[in-house]
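my_file06.tsv (TSV, C-alpha atoms) appears below.
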chain	number	residue	atom	x	y	z
L	22	MET	CA	-52.13	76.65	54.06
L	23	PRO	CA	-49.35	76.47	56.61
L	24	GLY	CA	-47.41	73.11	56.63
L	25	THR	CA	-48.42	71.94	53.15
L	26	ARG	CA	-45.32	73.34	51.39
L	27	ASN	CA	-42.94	70.92	53.22
L	28	LYS	CA	-44.95	67.71	52.39
L	29	ARG	CA	-43.31	65.58	49.56
L	30	PRO	CA	-45.50	64.03	46.89
L	31	ALA	CA	-45.82	60.17	47.07
L	32	LYS	CA	-45.75	59.45	43.29
L	33	PRO	CA	-42.00	60.06	42.64
L	34	ASP	CA	-41.08	57.75	45.53
L	35	ARG	CA	-43.16	54.95	44.06
L	36	LEU	CA	-41.56	55.36	40.60
L	37	ARG	CA	-38.07	55.28	42.05
L	38	SER	CA	-38.84	52.10	44.01
L	39	ALA	CA	-40.30	50.40	40.93
L	40	ALA	CA	-37.21	51.30	38.87
L	41	MET	CA	-34.87	49.89	41.50
L	42	LEU	CA	-36.94	46.68	41.65
L	43	LEU	CA	-36.70	46.27	37.87
L	44	VAL	CA	-32.93	46.72	38.01
L	45	VAL	CA	-32.66	44.05	40.69
L	46	ILE	CA	-34.86	41.61	38.70
L	47	ALA	CA	-32.86	42.19	35.50
L	48	ALA	CA	-29.58	41.61	37.32
L	49	ALA	CA	-30.96	38.38	38.78
L	50	LEU	CA	-32.06	37.14	35.34
L	51	VAL	CA	-28.64	37.87	33.85
L	52	ALA	CA	-26.96	35.98	36.67
L	53	VAL	CA	-29.23	32.96	36.17
L	54	LEU	CA	-28.60	32.89	32.41
L	55	VAL	CA	-24.85	33.07	32.88
L	56	MET	CA	-24.89	30.17	35.30
L	57	LEU	CA	-26.92	27.86	33.00
L	58	PRO	CA	-24.87	25.36	30.79
L	59	PRO	CA	-24.87	26.07	27.03
L	60	ARG	CA	-27.52	24.25	24.99
L	61	ARG	CA	-26.14	21.18	23.12
L	62	PRO	CA	-27.13	20.86	19.46
L	63	SER	CA	-28.97	17.73	18.41
L	64	GLU	CA	-26.92	14.82	17.03
L	65	GLY	CA	-28.23	15.35	13.50
L	66	ALA	CA	-27.45	19.06	13.57
L	67	ALA	CA	-23.91	18.38	14.82
L	68	LYS	CA	-23.19	15.99	11.97
L	69	GLY	CA	-24.62	18.23	9.28
L	70	PHE	CA	-24.05	16.69	5.77
L	71	ALA	CA	-21.28	14.39	6.90
L	72	GLU	CA	-23.76	11.53	6.81
L	73	GLY	CA	-27.01	13.11	5.69
L	74	PRO	CA	-30.46	11.70	6.31
L	75	ALA	CA	-31.71	8.83	4.23
L	76	GLY	CA	-32.77	10.25	0.90
L	77	GLY	CA	-31.45	13.66	1.92
L	78	PRO	CA	-28.56	15.80	0.66
L	79	THR	CA	-25.41	14.09	-0.54
L	80	ASP	CA	-23.13	17.08	-0.91
L	81	GLY	CA	-21.03	16.30	2.16
L	82	PRO	CA	-17.52	14.79	2.22
L	83	ALA	CA	-16.84	12.33	-0.59
L	84	GLU	CA	-15.92	9.54	1.84
L	85	SER	CA	-19.44	9.63	3.30
L	86	ARG	CA	-20.87	8.79	-0.13
L	87	GLY	CA	-18.71	5.73	-0.69
L	88	GLU	CA	-16.45	7.66	-3.05
L	89	ALA	CA	-12.77	8.34	-3.21
L	90	ALA	CA	-11.48	11.75	-2.27
L	91	GLY	CA	-11.17	12.64	-5.96
L	92	GLY	CA	-14.87	12.07	-6.51
L	93	LYS	CA	-14.60	8.66	-8.24
L	94	PRO	CA	-17.30	6.15	-7.33
L	95	GLY	CA	-16.30	3.49	-4.83
L	96	PRO	CA	-16.67	-0.21	-5.66
L	97	ALA	CA	-20.18	-1.58	-5.73
L	98	GLU	CA	-21.09	-4.13	-3.12
L	99	GLY	CA	-19.64	-7.50	-4.09
L	100	ALA	CA	-17.23	-6.02	-6.63
L	101	VAL	CA	-13.59	-7.00	-6.55
L	102	GLU	CA	-11.30	-4.15	-5.72
L	103	PRO	CA	-8.06	-3.81	-7.69
L	104	ARG	CA	-5.02	-5.10	-5.94
L	105	THR	CA	-2.92	-2.63	-4.21
L	106	PRO	CA	0.66	-2.77	-5.47
L	107	ALA	CA	2.98	-4.19	-2.84
L	108	PRO	CA	5.77	-1.98	-1.48
L	109	GLU	CA	9.26	-2.07	-2.90
L	110	PRO	CA	11.88	-4.11	-1.02
L	111	ALA	CA	13.26	-2.29	1.97
L	112	GLU	CA	16.78	-0.87	1.92
L	113	GLY	CA	19.35	-3.55	2.58
L	114	GLY	CA	17.19	-6.39	1.29
L	115	ALA	CA	14.74	-6.70	4.19
L	116	GLU	CA	11.53	-8.50	3.40
L	117	PRO	CA	8.81	-6.03	2.38
L	118	SER	CA	5.92	-5.76	4.77
L	119	GLY	CA	2.61	-6.92	3.34
L	120	ALA	CA	4.14	-7.70	-0.06
L	121	VAL	CA	2.14	-10.85	-0.50
L	122	SER	CA	-1.54	-10.48	-1.09
L	123	ARG	CA	-4.17	-12.80	-2.31
L	124	PRO	CA	-4.66	-12.73	-6.06
L	125	GLU	CA	-7.59	-10.96	-7.61
L	126	ARG	CA	-10.46	-13.33	-8.19
L	127	PRO	CA	-11.02	-13.66	-11.94
L	128	ARG	CA	-14.31	-13.09	-13.64
L	129	GLU	CA	-16.31	-16.09	-14.77
L	130	GLY	CA	-15.44	-17.72	-18.07
L	131	ALA	CA	-12.47	-19.50	-19.59
L	132	GLN	CA	-9.23	-18.79	-17.78
L	133	ILE	CA	-5.51	-19.21	-18.41
L	134	ALA	CA	-2.69	-19.38	-15.87
L	135	VAL	CA	0.87	-18.77	-17.06
L	136	VAL	CA	3.80	-20.09	-15.02
L	137	ILE	CA	7.38	-18.87	-15.50
L	138	ASP	CA	9.82	-21.65	-14.57
L	139	ASP	CA	13.51	-21.84	-13.64
L	140	VAL	CA	13.72	-18.59	-11.66
L	141	GLY	CA	16.82	-18.29	-9.45
L	142	TYR	CA	19.82	-18.43	-11.76
L	143	SER	CA	19.68	-14.69	-12.49
L	144	VAL	CA	17.40	-11.70	-11.99
L	145	ASP	CA	18.14	-9.85	-15.24
L	146	THR	CA	15.65	-11.76	-17.36
L	147	LEU	CA	13.12	-11.76	-14.51
L	148	LYS	CA	12.43	-8.01	-14.68
L	149	PRO	CA	10.41	-7.92	-17.95
L	150	PHE	CA	8.09	-10.59	-16.58
L	151	LEU	CA	7.55	-8.66	-13.35
L	152	GLU	CA	6.51	-5.61	-15.38
L	153	PHE	CA	3.81	-7.61	-17.15
L	154	PRO	CA	0.49	-6.03	-16.08
L	155	GLY	CA	-1.51	-9.24	-15.63
L	156	PRO	CA	-1.17	-12.08	-13.12
L	157	LEU	CA	1.76	-14.44	-13.64
L	158	THR	CA	3.06	-17.24	-11.44
L	159	PHE	CA	6.80	-17.58	-10.81
L	160	ALA	CA	8.34	-20.95	-10.01
L	161	VAL	CA	11.60	-20.38	-8.12
L	162	LEU	CA	14.27	-23.04	-7.77
L	163	PRO	CA	15.60	-23.35	-4.20
L	164	ARG	CA	19.12	-22.69	-2.94
L	165	LEU	CA	20.45	-20.96	-6.05
L	166	PRO	CA	22.57	-17.78	-5.96
L	167	TYR	CA	19.61	-15.51	-6.82
L	168	SER	CA	16.71	-17.45	-5.32
L	169	VAL	CA	16.24	-15.18	-2.29
L	170	GLN	CA	16.60	-11.97	-4.30
L	171	ALA	CA	14.13	-13.25	-6.89
L	172	VAL	CA	11.61	-14.06	-4.15
L	173	ARG	CA	11.87	-10.51	-2.82
L	174	MET	CA	11.34	-9.04	-6.27
L	175	ILE	CA	8.36	-11.30	-7.02
L	176	ARG	CA	6.69	-10.49	-3.71
L	177	ALA	CA	7.34	-6.77	-4.14
L	178	ALA	CA	5.64	-6.93	-7.56
L	179	GLY	CA	2.62	-8.65	-6.00
L	180	LYS	CA	2.97	-11.73	-8.21
L	181	GLU	CA	2.21	-15.32	-7.30
L	182	LEU	CA	5.11	-17.48	-6.08
L	183	ILE	CA	5.57	-21.26	-6.02
L	184	LEU	CA	8.49	-23.60	-5.37
L	185	HIS	CA	10.03	-25.09	-8.51
L	186	LEU	CA	10.85	-28.37	-6.79
L	187	PRO	CA	13.84	-30.23	-8.27
L	188	MET	CA	13.02	-33.93	-8.65
L	189	GLU	CA	14.89	-36.92	-9.93
L	190	ALA	CA	14.86	-37.52	-13.69
L	191	VAL	CA	14.92	-40.80	-15.61
L	192	ASN	CA	17.89	-39.76	-17.75
L	193	GLY	CA	20.08	-39.11	-14.71
L	194	ASP	CA	20.43	-35.36	-15.28
L	195	GLU	CA	21.29	-33.39	-12.15
L	196	PRO	CA	18.11	-31.56	-11.04
L	197	GLY	CA	19.97	-29.17	-8.75
L	198	PRO	CA	20.21	-28.49	-5.00
L	199	GLY	CA	17.30	-29.42	-2.79
L	200	ALA	CA	16.13	-32.20	-5.13
L	201	VAL	CA	13.77	-35.03	-4.18
L	202	LEU	CA	15.32	-38.40	-5.04
L	203	THR	CA	13.57	-41.75	-5.04
L	204	SER	CA	16.28	-43.14	-2.77
L	205	TYR	CA	15.28	-40.79	0.06
L	206	SER	CA	13.18	-42.00	2.95
L	207	ASP	CA	9.81	-40.47	3.75
L	208	GLU	CA	11.32	-38.47	6.59
L	209	GLU	CA	14.20	-37.22	4.41
L	210	ILE	CA	11.73	-36.03	1.77
L	211	ARG	CA	9.62	-34.18	4.33
L	212	ARG	CA	12.68	-32.55	5.86
L	213	LEU	CA	13.97	-31.51	2.43
L	214	LEU	CA	10.61	-29.99	1.48
L	215	GLY	CA	10.55	-27.99	4.69
L	216	GLN	CA	14.03	-26.62	3.97
L	217	ASP	CA	13.18	-25.77	0.36
L	218	PHE	CA	10.02	-23.90	1.31
L	219	ALA	CA	11.80	-22.10	4.16
L	220	GLY	CA	13.88	-20.24	1.58
L	221	LEU	CA	10.81	-19.21	-0.44
L	222	GLU	CA	8.62	-17.31	1.99
L	223	GLY	CA	5.15	-16.76	0.57
L	224	ALA	CA	5.18	-19.74	-1.81
L	225	VAL	CA	1.61	-21.04	-2.18
L	226	GLY	CA	2.41	-24.28	-3.97
L	227	ALA	CA	4.98	-26.24	-5.94
L	228	ASN	CA	5.61	-27.71	-9.38
L	229	ASN	CA	8.24	-30.22	-10.42
L	230	HIS	CA	11.53	-29.33	-12.09
L	231	MET	CA	12.48	-32.39	-14.19
L	232	GLY	CA	11.10	-35.25	-12.07
L	233	SER	CA	10.28	-37.89	-14.70
L	234	ARG	CA	11.45	-40.59	-12.28
L	235	ALA	CA	10.29	-39.11	-8.97
L	236	THR	CA	6.79	-38.12	-10.14
L	237	ALA	CA	6.26	-41.68	-11.41
L	238	ASP	CA	7.05	-43.15	-7.98
L	239	PRO	CA	3.80	-43.66	-5.97
L	240	ARG	CA	5.55	-43.61	-2.57
L	241	VAL	CA	7.49	-40.43	-3.29
L	242	MET	CA	4.45	-38.63	-4.60
L	243	ALA	CA	2.34	-39.75	-1.65
L	244	VAL	CA	4.86	-38.15	0.73
L	245	VAL	CA	5.07	-34.95	-1.31
L	246	MET	CA	1.29	-34.60	-1.58
L	247	ARG	CA	0.73	-35.26	2.09
L	248	TYR	CA	3.28	-32.58	3.00
L	249	LEU	CA	1.59	-30.06	0.67
L	250	ALA	CA	-1.86	-30.92	2.01
L	251	ASP	CA	-0.71	-30.52	5.61
L	252	SER	CA	0.86	-27.12	4.85
L	253	GLY	CA	-2.11	-25.82	2.83
L	254	ARG	CA	-0.31	-25.75	-0.53
L	255	PHE	CA	-1.12	-27.16	-3.97
L	256	PHE	CA	0.82	-29.02	-6.65
L	257	LEU	CA	1.17	-28.29	-10.36
L	258	ASP	CA	2.26	-31.35	-12.30
L	259	SER	CA	4.58	-30.13	-15.06
L	260	ARG	CA	3.89	-33.44	-16.82
L	261	THR	CA	7.45	-34.39	-17.68
L	262	THR	CA	6.30	-38.03	-17.94
L	263	PRO	CA	3.01	-39.68	-18.94
L	264	ALA	CA	3.57	-42.12	-16.04
L	265	SER	CA	3.10	-39.43	-13.40
L	266	GLU	CA	1.38	-40.51	-10.17
L	267	ALA	CA	0.56	-36.93	-9.17
L	268	VAL	CA	-3.19	-37.13	-9.79
L	269	ALA	CA	-3.71	-40.33	-7.80
L	270	ALA	CA	-1.49	-39.17	-4.92
L	271	ALA	CA	-3.18	-35.77	-4.75
L	272	ARG	CA	-6.63	-37.35	-4.69
L	273	GLU	CA	-5.60	-39.64	-1.86
L	274	ALA	CA	-4.03	-36.85	0.19
L	275	GLY	CA	-6.70	-34.24	-0.57
L	276	THR	CA	-4.18	-31.91	-2.19
L	277	GLY	CA	-5.16	-29.24	-4.68
L	278	LEU	CA	-3.79	-30.22	-8.08
L	279	LEU	CA	-3.41	-28.80	-11.58
L	280	GLU	CA	-1.66	-30.19	-14.64
L	281	ARG	CA	0.35	-28.37	-17.28
L	282	ASP	CA	-1.38	-28.19	-20.66
L	283	VAL	CA	1.15	-26.41	-22.88
L	284	PHE	CA	4.86	-25.58	-22.83
L	285	ILE	CA	5.15	-22.15	-24.44
L	286	ASP	CA	8.78	-22.30	-25.50
L	287	ASN	CA	9.68	-25.85	-26.47
L	288	LYS	CA	10.57	-24.05	-29.69
L	289	ARG	CA	11.88	-20.59	-28.98
L	290	ASP	CA	11.10	-18.79	-32.25
L	291	ARG	CA	8.34	-16.22	-32.03
L	292	ASP	CA	5.90	-17.95	-34.38
L	293	SER	CA	6.13	-21.23	-32.44
L	294	MET	CA	5.59	-19.49	-29.12
L	295	ARG	CA	2.62	-17.56	-30.49
L	296	ALA	CA	1.11	-20.82	-31.76
L	297	ALA	CA	1.66	-22.45	-28.35
L	298	VAL	CA	-0.13	-19.65	-26.48
L	299	GLN	CA	-2.98	-19.75	-29.00
L	300	LYS	CA	-3.25	-23.48	-28.42
L	301	GLY	CA	-3.61	-22.76	-24.71
L	302	VAL	CA	-6.38	-20.26	-25.45
L	303	GLU	CA	-8.31	-22.84	-27.47
L	304	LEU	CA	-7.89	-25.46	-24.75
L	305	ALA	CA	-9.20	-22.98	-22.18
L	306	ARG	CA	-12.26	-22.31	-24.30
L	307	GLN	CA	-12.90	-26.05	-24.61
L	308	LYS	CA	-12.46	-27.17	-21.01
L	309	GLY	CA	-12.76	-23.94	-19.03
L	310	HIS	CA	-9.10	-23.39	-18.17
L	311	ALA	CA	-5.54	-24.10	-19.29
L	312	VAL	CA	-2.11	-23.93	-17.64
L	313	LEU	CA	0.85	-22.77	-19.72
L	314	ILE	CA	4.51	-22.97	-18.71
L	315	GLY	CA	7.33	-20.86	-20.09
L	316	HIS	CA	10.88	-20.20	-18.92
L	317	VAL	CA	12.44	-17.11	-17.43
L	318	TYR	CA	15.49	-17.20	-19.71
L	319	ASN	CA	13.18	-16.38	-22.63
L	320	PRO	CA	11.79	-12.86	-22.01
L	321	GLU	CA	10.31	-12.67	-25.53
L	322	ILE	CA	7.42	-14.61	-24.01
L	323	VAL	CA	6.22	-11.32	-22.51
L	324	ASP	CA	5.58	-9.76	-25.92
L	325	VAL	CA	3.88	-12.92	-27.18
L	326	LEU	CA	1.58	-12.96	-24.14
L	327	ARG	CA	0.66	-9.31	-24.61
L	328	GLU	CA	-0.18	-9.91	-28.24
L	329	VAL	CA	-2.16	-13.13	-27.96
L	330	LEU	CA	-3.91	-12.60	-24.64
L	331	GLU	CA	-5.20	-9.17	-25.63
L	332	GLN	CA	-7.07	-10.87	-28.47
L	333	ALA	CA	-8.08	-13.75	-26.18
L	334	ASP	CA	-9.61	-11.37	-23.65
L	335	ALA	CA	-11.91	-10.06	-26.35
L	336	ARG	CA	-13.07	-13.65	-26.84
L	337	GLY	CA	-13.77	-14.14	-23.14
L	338	VAL	CA	-10.53	-15.94	-22.18
L	339	ARG	CA	-8.79	-14.21	-19.31
L	340	LEU	CA	-5.53	-14.53	-17.40
L	341	THR	CA	-5.66	-15.65	-13.78
L	342	SER	CA	-3.50	-17.24	-11.07
L	343	LEU	CA	-2.88	-20.88	-10.22
L	344	GLU	CA	-4.33	-20.46	-6.76
L	345	TRP	CA	-7.72	-19.38	-8.08
L	346	LEU	CA	-7.75	-22.18	-10.63
L	347	VAL	CA	-7.04	-24.68	-7.87
L	348	GLN	CA	-9.84	-23.24	-5.75
L	349	ARG	CA	-12.30	-23.35	-8.63
L	350	GLU	CA	-11.40	-26.94	-9.44
L	351	TRP	CA	-11.79	-27.89	-5.79
L	352	GLU	CA	-15.23	-26.25	-5.59
L	353	GLN	CA	-16.37	-28.13	-8.69
L	354	ARG	CA	-15.45	-31.55	-7.33

Any chance you could put this one into structure tokens?
Amino acid sequence: MPGTRNKRPAKPDRLRSAAMLLVVIAAALVAVLVMLPPRRPSEGAAKGFAEGPAGGPTDGPAESRGEAAGGKPGPAEGAVEPRTPAPEPAEGGAEPSGAVSRPERPREGAQIAVVIDDVGYSVDTLKPFLEFPGPLTFAVLPRLPYSVQAVRMIRAAGKELILHLPMEAVNGDEPGPGAVLTSYSDEEIRRLLGQDFAGLEGAVGANNHMGSRATADPRVMAVVMRYLADSGRFFLDSRTTPASEAVAAAREAGTGLLERDVFIDNKRDRDSMRAAVQKGVELARQKGHAVLIGHVYNPEIVDVLREVLEQADARGVRLTSLEWLVQREWEQR
């Protein structure tokens, strides 16, 4: 029929239009997706095993499980962590930062504190004592040629430090610089104590060097104990005289107080020193604690302590610091 050859079919036009519409829709969807912000993972998914759900996996970082990086268990709640060794003295003799830390609290049971007296004349004999692994207390005399250097070494080793306070003796012997004399006024004694402690930064208490006359004087001891109480320090009575007024004065002032039980090296042969330390162990077992005093010029004490206290530890008698003994005595009042 004429005219029908030039008429286009409608179906291809409709297919082409549908295809173009689909292309436009797809392009619009892509544009919308691109413009949307990325989806944030949930908090738990972001953390993964770093914390882990309660009762869930524990194979994340060691720190998250209360362990050290090497996989060793961390301390249980309430356990006492070992003391971190203090840093060595800075170059040029500057005071080490953070060198003084509180002593480790001892376990329950009988306890012994060992004090090393007369530090300050030299540092050569001091070194073996500083290498001793357990707690020791060092009593440093003020204003001697090596007092300041000894203090630095003691603090760097993380050991306990007290002032070895020179005090007047009955026999007239010279106690040394910075000594408390019975002829001094109350104000002179307080000023002298402040100066003596100023040279021994970090000292937590004091014990008497000589002092058989001064410690028997009620007025003198009242002044000393009041000063210590006001500055938060304690007193160890070396018991150089049975007439000492230290106990009464400390009770009146509210000062922490301990008394020496045994001198380790009144006789300096090894057998006598071993017997003295063993006596201290027995006293500790009887009354709960004992305080022993030795002298820095006798480094053989270190070997005796290692020998006797290793056996004592097996019997439940352990080495501790003066400060913890004072605190325990105060709590039991």

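Nearest-residue note for Pro320 in chain L: choosing from L:Glu209, L:Glu344, L:Glu152, L:Asp258, the minimum distance belongs to L:Glu152, counting only C-alpha atoms.
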
- Query: When you draw a straight line from CA of Leu279 in chain L to CA of Ser265 in chain L, how long is it in Å?
  - Reply: 12.6 Å

- Can you tell me, as a ChimeraX atom specification, what residues are no more than 12 Å from Ala219 in chain L when counting all atoms listed in the file, ignoring any on the same chain fewer than 2 positions away? /L:163-164,168-169,172,183-184,199,212-217,221-224

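Distances to Gly220 in chain L were evaluated for L:Met188, L:Val201, L:Ala134, L:Leu162 using only C-alpha atoms, and the minimum falls at L:Leu162.
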
- Item | Shortest interatomic distance to Asp207 in chain L - which of L:Ala177, L:Val225, L:Met231, L:Val241, counting only C-alpha atoms | L:Val241

- Item | Residue contacts of Lys308 in chain L (10 Å, all atoms listed in the file) excluding same-chain residues fewer than 5 positions away, as a PyMOL selection string | chain L and resi 131-132+303

- Message: Rounded to one decimal, what separation in Å do you get between CA of Ala311 in chain L and CA of Leu346 in chain L?
- Response: 9.1 Å

- Query: At what distance in Å, to one decimal, does CA of Glu189 in chain L lie from CA of Ser204 in chain L?
  - Reply: 9.6 Å

- Message: Can you pull out the residues contacting range 242-256 of chain L? Cut-off 7 Å, using all atoms listed in the file, and skip same-chain residues under 3 positions away; I want them as a ChimeraX atom specification.
- Response: /L:207,211,225-228,236,238-239,266-267,270-271,274-279

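Nearest-residue note for Val338 in chain L: choosing from L:Ala200, L:Ala160, L:Leu186, L:Val302, the minimum distance belongs to L:Val302, counting all atoms listed in the file.
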
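Residue nearest Val283 in chain L within the list L:Leu313, L:Val268, L:Leu340, L:Arg306: L:Leu313 [criterion: smallest interatomic distance, all atoms listed in the file].
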
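Residues lying within 8 Å of Val325 in chain L, counting all atoms listed in the file and ignoring same-chain neighbours fewer than 6 positions away, are Arg291, Met294, Arg295 and Val298 of chain L.
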